[in-house]
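Asks: Quick one, start.pdb (PDB, C-alpha atoms (C1' of nucleotides)):
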ATOM      1  CA  MET A   1      13.983 269.805 213.648  1.00  0.00           C
ATOM      2  CA  ASN A   2      16.962 267.514 213.961  1.00  0.00           C
ATOM      3  CA  TYR A   3      17.859 265.353 216.904  1.00  0.00           C
ATOM      4  CA  TRP A   4      21.229 264.623 218.505  1.00  0.00           C
ATOM      5  CA  LEU A   5      23.003 262.980 221.370  1.00  0.00           C
ATOM      6  CA  VAL A   6      25.895 264.438 223.327  1.00  0.00           C
ATOM      7  CA  LYS A   7      28.103 262.605 225.763  1.00  0.00           C
ATOM      8  CA  SER A   8      29.661 263.890 228.916  1.00  0.00           C
ATOM      9  CA  GLU A   9      31.582 262.159 231.633  1.00  0.00           C
ATOM     10  CA  PRO A  10      29.740 263.090 234.823  1.00  0.00           C
ATOM     11  CA  ASP A  11      33.119 263.385 236.552  1.00  0.00           C
ATOM     12  CA  ALA A  12      33.968 266.194 234.167  1.00  0.00           C
ATOM     13  CA  TYR A  13      30.587 267.846 233.610  1.00  0.00           C
ATOM     14  CA  SER A  14      27.446 266.230 234.941  1.00  0.00           C
ATOM     15  CA  TRP A  15      23.810 266.835 234.094  1.00  0.00           C
ATOM     16  CA  ASP A  16      23.311 268.370 237.556  1.00  0.00           C
ATOM     17  CA  GLN A  17      26.111 270.841 236.919  1.00  0.00           C
ATOM     18  CA  PHE A  18      24.590 271.620 233.520  1.00  0.00           C
ATOM     19  CA  VAL A  19      21.190 272.319 235.117  1.00  0.00           C
ATOM     20  CA  ALA A  20      22.844 274.511 237.747  1.00  0.00           C
ATOM     21  CA  ASP A  21      24.595 276.481 235.003  1.00  0.00           C
ATOM     22  CA  GLY A  22      21.402 276.883 232.961  1.00  0.00           C
ATOM     23  CA  ILE A  23      23.326 277.268 229.718  1.00  0.00           C
ATOM     24  CA  THR A  24      26.752 276.081 228.662  1.00  0.00           C
ATOM     25  CA  ALA A  25      29.132 276.304 225.722  1.00  0.00           C
ATOM     26  CA  TRP A  26      29.762 272.780 224.418  1.00  0.00           C
ATOM     27  CA  THR A  27      33.467 273.218 223.843  1.00  0.00           C
ATOM     28  CA  GLY A  28      36.391 270.864 223.485  1.00  0.00           C
ATOM     29  CA  VAL A  29      35.143 268.734 220.589  1.00  0.00           C
ATOM     30  CA  ARG A  30      38.231 267.733 218.593  1.00  0.00           C
ATOM     31  CA  ASN A  31      36.878 265.145 216.224  1.00  0.00           C
ATOM     32  CA  HIS A  32      35.878 266.072 212.691  1.00  0.00           C
ATOM     33  CA  MET A  33      32.742 263.970 212.540  1.00  0.00           C
ATOM     34  CA  ALA A  34      31.558 265.427 215.847  1.00  0.00           C
ATOM     35  CA  LYS A  35      32.464 268.907 214.636  1.00  0.00           C
ATOM     36  CA  ASN A  36      30.362 268.453 211.510  1.00  0.00           C
ATOM     37  CA  ASN A  37      27.446 267.421 213.685  1.00  0.00           C
ATOM     38  CA  LEU A  38      27.855 270.559 215.787  1.00  0.00           C
ATOM     39  CA  LYS A  39      27.835 272.650 212.611  1.00  0.00           C
ATOM     40  CA  ALA A  40      24.614 270.987 211.456  1.00  0.00           C
ATOM     41  CA  MET A  41      22.781 271.887 214.661  1.00  0.00           C
ATOM     42  CA  ARG A  42      20.069 274.512 214.388  1.00  0.00           C
ATOM     43  CA  LEU A  43      18.559 276.715 217.040  1.00  0.00           C
ATOM     44  CA  GLY A  44      15.980 274.715 218.972  1.00  0.00           C
ATOM     45  CA  ASP A  45      17.247 271.290 217.881  1.00  0.00           C
ATOM     46  CA  ARG A  46      16.973 268.831 220.724  1.00  0.00           C
ATOM     47  CA  MET A  47      19.514 266.385 222.064  1.00  0.00           C
ATOM     48  CA  PHE A  48      19.817 263.609 224.590  1.00  0.00           C
ATOM     49  CA  TYR A  49      22.367 264.164 227.324  1.00  0.00           C
ATOM     50  CA  TYR A  50      24.279 260.949 227.960  1.00  0.00           C
ATOM     51  CA  HIS A  51      26.591 260.135 230.863  1.00  0.00           C
ATOM     52  CA  SER A  52      29.584 258.150 229.638  1.00  0.00           C
ATOM     53  CA  ASN A  53      31.999 256.138 231.771  1.00  0.00           C
ATOM     54  CA  ILE A  54      29.857 256.520 234.889  1.00  0.00           C
ATOM     55  CA  GLY A  55      26.121 255.889 234.663  1.00  0.00           C
ATOM     56  CA  LEU A  56      26.051 254.900 230.984  1.00  0.00           C
ATOM     57  CA  GLU A  57      22.569 256.299 230.545  1.00  0.00           C
ATOM     58  CA  ILE A  58      20.630 259.122 228.960  1.00  0.00           C
ATOM     59  CA  VAL A  59      19.749 261.402 231.840  1.00  0.00           C
ATOM     60  CA  GLY A  60      18.147 264.405 230.218  1.00  0.00           C
ATOM     61  CA  VAL A  61      17.114 266.450 227.209  1.00  0.00           C
ATOM     62  CA  ALA A  62      18.755 269.679 226.103  1.00  0.00           C
ATOM     63  CA  GLU A  63      18.357 272.072 223.219  1.00  0.00           C
ATOM     64  CA  VAL A  64      20.533 274.272 221.054  1.00  0.00           C
ATOM     65  CA  ALA A  65      20.581 277.851 222.348  1.00  0.00           C
ATOM     66  CA  ARG A  66      23.201 279.187 219.914  1.00  0.00           C
ATOM     67  CA  GLU A  67      24.378 277.704 216.632  1.00  0.00           C
ATOM     68  CA  ALA A  68      27.998 276.800 215.908  1.00  0.00           C
ATOM     69  CA  TYR A  69      30.677 279.399 216.476  1.00  0.00           C
ATOM     70  CA  ARG A  70      34.420 279.274 216.900  1.00  0.00           C
ATOM     71  CA  ASP A  71      35.442 277.263 219.962  1.00  0.00           C
ATOM     72  CA  PRO A  72      37.308 279.740 222.173  1.00  0.00           C
ATOM     73  CA  THR A  73      39.207 276.883 223.832  1.00  0.00           C
ATOM     74  CA  ALA A  74      40.769 275.732 220.546  1.00  0.00           C
ATOM     75  CA  GLN A  75      44.380 276.729 219.894  1.00  0.00           C
ATOM     76  CA  GLY A  76      44.138 276.382 216.137  1.00  0.00           C
ATOM     77  CA  GLY A  77      42.071 274.776 213.432  1.00  0.00           C
ATOM     78  CA  ASP A  78      38.434 275.478 212.721  1.00  0.00           C
ATOM     79  CA  TRP A  79      36.913 273.808 215.765  1.00  0.00           C
ATOM     80  CA  VAL A  80      33.490 274.993 216.811  1.00  0.00           C
ATOM     81  CA  CYS A  81      31.150 274.825 219.758  1.00  0.00           C
ATOM     82  CA  VAL A  82      27.450 275.453 220.318  1.00  0.00           C
ATOM     83  CA  ASP A  83      25.578 276.739 223.350  1.00  0.00           C
ATOM     84  CA  ILE A  84      23.057 274.352 224.846  1.00  0.00           C
ATOM     85  CA  LYS A  85      20.552 274.614 227.662  1.00  0.00           C
ATOM     86  CA  PRO A  86      18.749 271.931 229.641  1.00  0.00           C
ATOM     87  CA  VAL A  87      15.101 271.245 228.846  1.00  0.00           C
ATOM     88  CA  GLY A  88      14.464 268.662 231.542  1.00  0.00           C
ATOM     89  CA  PRO A  89      15.594 265.401 233.142  1.00  0.00           C
ATOM     90  CA  MET A  90      14.587 262.048 231.690  1.00  0.00           C
ATOM     91  CA  PRO A  91      11.932 260.735 234.114  1.00  0.00           C
ATOM     92  CA  VAL A  92      13.376 257.239 233.707  1.00  0.00           C
ATOM     93  CA  PRO A  93      17.033 257.304 232.590  1.00  0.00           C
ATOM     94  CA  VAL A  94      17.532 255.174 229.498  1.00  0.00           C
ATOM     95  CA  THR A  95      20.549 252.945 229.918  1.00  0.00           C
ATOM     96  CA  LEU A  96      23.014 251.909 227.258  1.00  0.00           C
ATOM     97  CA  ALA A  97      22.234 248.321 228.213  1.00  0.00           C
ATOM     98  CA  ALA A  98      18.539 248.841 227.443  1.00  0.00           C
ATOM     99  CA  ILE A  99      19.400 250.471 224.127  1.00  0.00           C
ATOM    100  CA  LYS A 100      21.797 247.699 223.152  1.00  0.00           C
ATOM    101  CA  ALA A 101      19.212 245.091 224.097  1.00  0.00           C
ATOM    102  CA  ASP A 102      16.781 246.509 221.534  1.00  0.00           C
ATOM    103  CA  PRO A 103      17.502 245.467 217.925  1.00  0.00           C
ATOM    104  CA  LYS A 104      15.768 248.628 216.695  1.00  0.00           C
ATOM    105  CA  PHE A 105      18.805 250.587 217.880  1.00  0.00           C
ATOM    106  CA  GLU A 106      21.466 248.634 216.040  1.00  0.00           C
ATOM    107  CA  ASP A 107      21.935 251.608 213.700  1.00  0.00           C
ATOM    108  CA  LEU A 108      22.089 254.210 216.465  1.00  0.00           C
ATOM    109  CA  ALA A 109      25.391 256.078 216.292  1.00  0.00           C
ATOM    110  CA  LEU A 110      25.853 255.696 220.030  1.00  0.00           C
ATOM    111  CA  VAL A 111      25.995 251.947 219.459  1.00  0.00           C
ATOM    112  CA  ARG A 112      27.790 251.800 216.111  1.00  0.00           C
ATOM    113  CA  LEU A 113      30.288 254.607 216.667  1.00  0.00           C
ATOM    114  CA  SER A 114      30.825 254.304 220.360  1.00  0.00           C
ATOM    115  CA  ARG A 115      33.604 256.875 220.516  1.00  0.00           C
ATOM    116  CA  LEU A 116      31.720 259.658 218.746  1.00  0.00           C
ATOM    117  CA  SER A 117      30.839 262.322 221.327  1.00  0.00           C
ATOM    118  CA  VAL A 118      28.279 264.274 219.286  1.00  0.00           C
ATOM    119  CA  SER A 119      26.031 262.088 217.167  1.00  0.00           C
ATOM    120  CA  PRO A 120      22.779 262.248 215.227  1.00  0.00           C
ATOM    121  CA  VAL A 121      19.573 260.536 216.321  1.00  0.00           C
ATOM    122  CA  THR A 122      16.769 259.831 213.838  1.00  0.00           C
ATOM    123  CA  LYS A 123      13.195 260.848 214.592  1.00  0.00           C
ATOM    124  CA  PRO A 124      12.026 257.234 215.087  1.00  0.00           C
ATOM    125  CA  GLN A 125      14.988 256.563 217.387  1.00  0.00           C
ATOM    126  CA  TRP A 126      14.269 259.776 219.262  1.00  0.00           C
ATOM    127  CA  ASP A 127      10.613 258.890 219.761  1.00  0.00           C
ATOM    128  CA  ARG A 128      11.416 255.372 220.875  1.00  0.00           C
ATOM    129  CA  ILE A 129      13.944 256.520 223.467  1.00  0.00           C
ATOM    130  CA  CYS A 130      11.469 259.138 224.712  1.00  0.00           C
ATOM    131  CA  ARG A 131       8.895 256.405 225.252  1.00  0.00           C
ATOM    132  CA  MET A 132      11.441 254.272 227.127  1.00  0.00           C
ATOM    133  CA  GLY A 133      12.303 257.227 229.341  1.00  0.00           C
ATOM    134  CA  LYS A 134       8.690 258.341 229.895  1.00  0.00           C
ATOM    135  CA  TRP A 135       9.602 261.703 228.413  1.00  0.00           C
ATOM    136  CA  THR A 136       6.441 263.695 227.765  1.00  0.00           C
ATOM    137  CA  GLY A 137       7.947 266.965 226.550  1.00  0.00           C
TER     138      GLY A 137
ATOM    139  C1'  DG B   1      42.574 246.865 234.645  1.00  0.00           C
ATOM    140  C1'  DC B   2      41.851 245.237 230.127  1.00  0.00           C
ATOM    141  C1'  DC B   3      40.801 245.641 225.483  1.00  0.00           C
ATOM    142  C1'  DA B   4      38.497 247.060 221.040  1.00  0.00           C
ATOM    143  C1'  DA B   5      37.848 250.865 218.021  1.00  0.00           C
ATOM    144  C1'  DC B   6      39.705 254.503 215.867  1.00  0.00           C
ATOM    145  C1'  DG B   7      42.405 258.793 215.021  1.00  0.00           C
ATOM    146  C1'  DT B   8      47.077 260.618 214.600  1.00  0.00           C
ATOM    147  C1'  DT B   9      51.948 260.501 213.922  1.00  0.00           C
ATOM    148  C1'  DG B  10      56.091 259.461 211.732  1.00  0.00           C
ATOM    149  C1'  DG B  11      59.380 256.375 209.254  1.00  0.00           C
ATOM    150  C1'  DC B  12      60.089 254.514 204.926  1.00  0.00           C
TER     151       DC B  12
ATOM    152  C1'  DG C   1      51.023 256.698 200.074  1.00  0.00           C
ATOM    153  C1'  DC C   2      51.433 252.808 203.163  1.00  0.00           C
ATOM    154  C1'  DC C   3      51.568 251.015 207.597  1.00  0.00           C
ATOM    155  C1'  DA C   4      53.272 250.235 212.314  1.00  0.00           C
ATOM    156  C1'  DA C   5      53.293 252.454 216.676  1.00  0.00           C
ATOM    157  C1'  DC C   6      51.042 254.976 219.857  1.00  0.00           C
ATOM    158  C1'  DG C   7      47.427 257.719 222.394  1.00  0.00           C
ATOM    159  C1'  DT C   8      42.592 258.304 223.610  1.00  0.00           C
ATOM    160  C1'  DT C   9      37.846 257.007 224.316  1.00  0.00           C
ATOM    161  C1'  DG C  10      34.753 254.344 226.497  1.00  0.00           C
ATOM    162  C1'  DG C  11      32.517 249.813 227.504  1.00  0.00           C
ATOM    163  C1'  DC C  12      33.117 245.761 230.150  1.00  0.00           C
TER     164       DC C  12
END
When written as structure tokens, how does the structure in this file appear?

Replies:
Amino acid sequence: MNYWLVKSEPDAYSWDQFVADGITAWTGVRNHMAKNNLKAMRLGDRMFYYHSNIGLEIVGVAEVAREAYRDPTAQGGDWVCVDIKPVGPMPVPVTLAAIKADPKFEDLALVRLSRLSVSPVTKPQWDRICRMGKWTG
DNA sequence: GCCAACGTTGGC
DNA sequence: GCCAACGTTGGC
């Protein structure tokens, strides 16, 4: 299984809205590196759900419910989206500040490539963030 | 509100 | 093919 992190501005689409929807198509990605990450996602892969701009913290865990397919909101190009569904909220949200304060995360894409909206997370990074957030799933 | 990072556009 | 200008993202 691979691990990921997706960003959403809570103003635009919050974790609570995501939970209310139950499943959502992760559309609108228009960056090639992010697109490649979407294409690499496999059914059941897990991802952190991060609130950018407001909150600046990982608030939940989601998983891939459908692998990459053509993004219906794209006018042209070969943009793709995946379907994701919430697994559960992070018992203790993990803040960007806490992540940045830990030297073990200096290679985390969220830190190094701050503008990338869909990024990979290594297994050790995943486990460490889960511990910080008291995630027991 | 500012600014750094970075992708895209367009002139040459 | 280079590079300046510009737009967007996202943290501070």

Asks: One decimal, Å: what's the distance from atom CA of Lys123 of chain A over to atom CA of Met47 of chain A, could you say?

Replies: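 These two atoms are separated by 11.2 Å.
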
Asks: Selected by the PyMOL selection byres ((chain A and resi 68) around 8) in the shown coordinates: which residues, as a PyMOL selection string?

Replies: chain A and resi 38-39+41+66-67+69-70+80-83

Asks: Applied to this file, what does the PyMOL selection byres ((chain C) within 9 of (chain A)) return in terms of residues, put as a VMD selection string?

Replies: chain C and resid 9 to 11

Asks: In Å, how far is it from atom C1' of DC12 of chain B to atom C1' of DA5 of chain C?

Replies: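 A separation of 13.7 Å between them.
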
Asks: May I ask for the distance between atom CA of Ile23 of chain A and atom CA of Gln125 of chain A, given in Å to one decimal place?

Replies: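 These two atoms are separated by 25.5 Å.
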
Asks: Please write the residues picked by the PyMOL selection byres ((chain A and resi 46) around 7) on this file as a VMD selection string.

Replies: chain A and resid 2 to 4 44 to 45 47 61 to 64

Asks: With distances taken over only C-alpha atoms (C1' of nucleotides), which of A:Ala97, A:Val59, A:Ile129, A:Leu113 is nearest to DC6 of chain B?

Replies: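 Looking only at the distances to DC6 of chain B, the closest residue turns out to be A:Leu113.
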
Asks: What box, with edges along x, y and z, holds each listed atom of segment 9-18 of chain A when 3 Å is added on every side, and can you state its centre and edge lengths in Å to one decimal, as AutoDock Vina command-line options?

Replies:
--center_x 28.6 --center_y 266.9 --center_z 234.6 --size_x 16.7 --size_y 15.5 --size_z 11.9
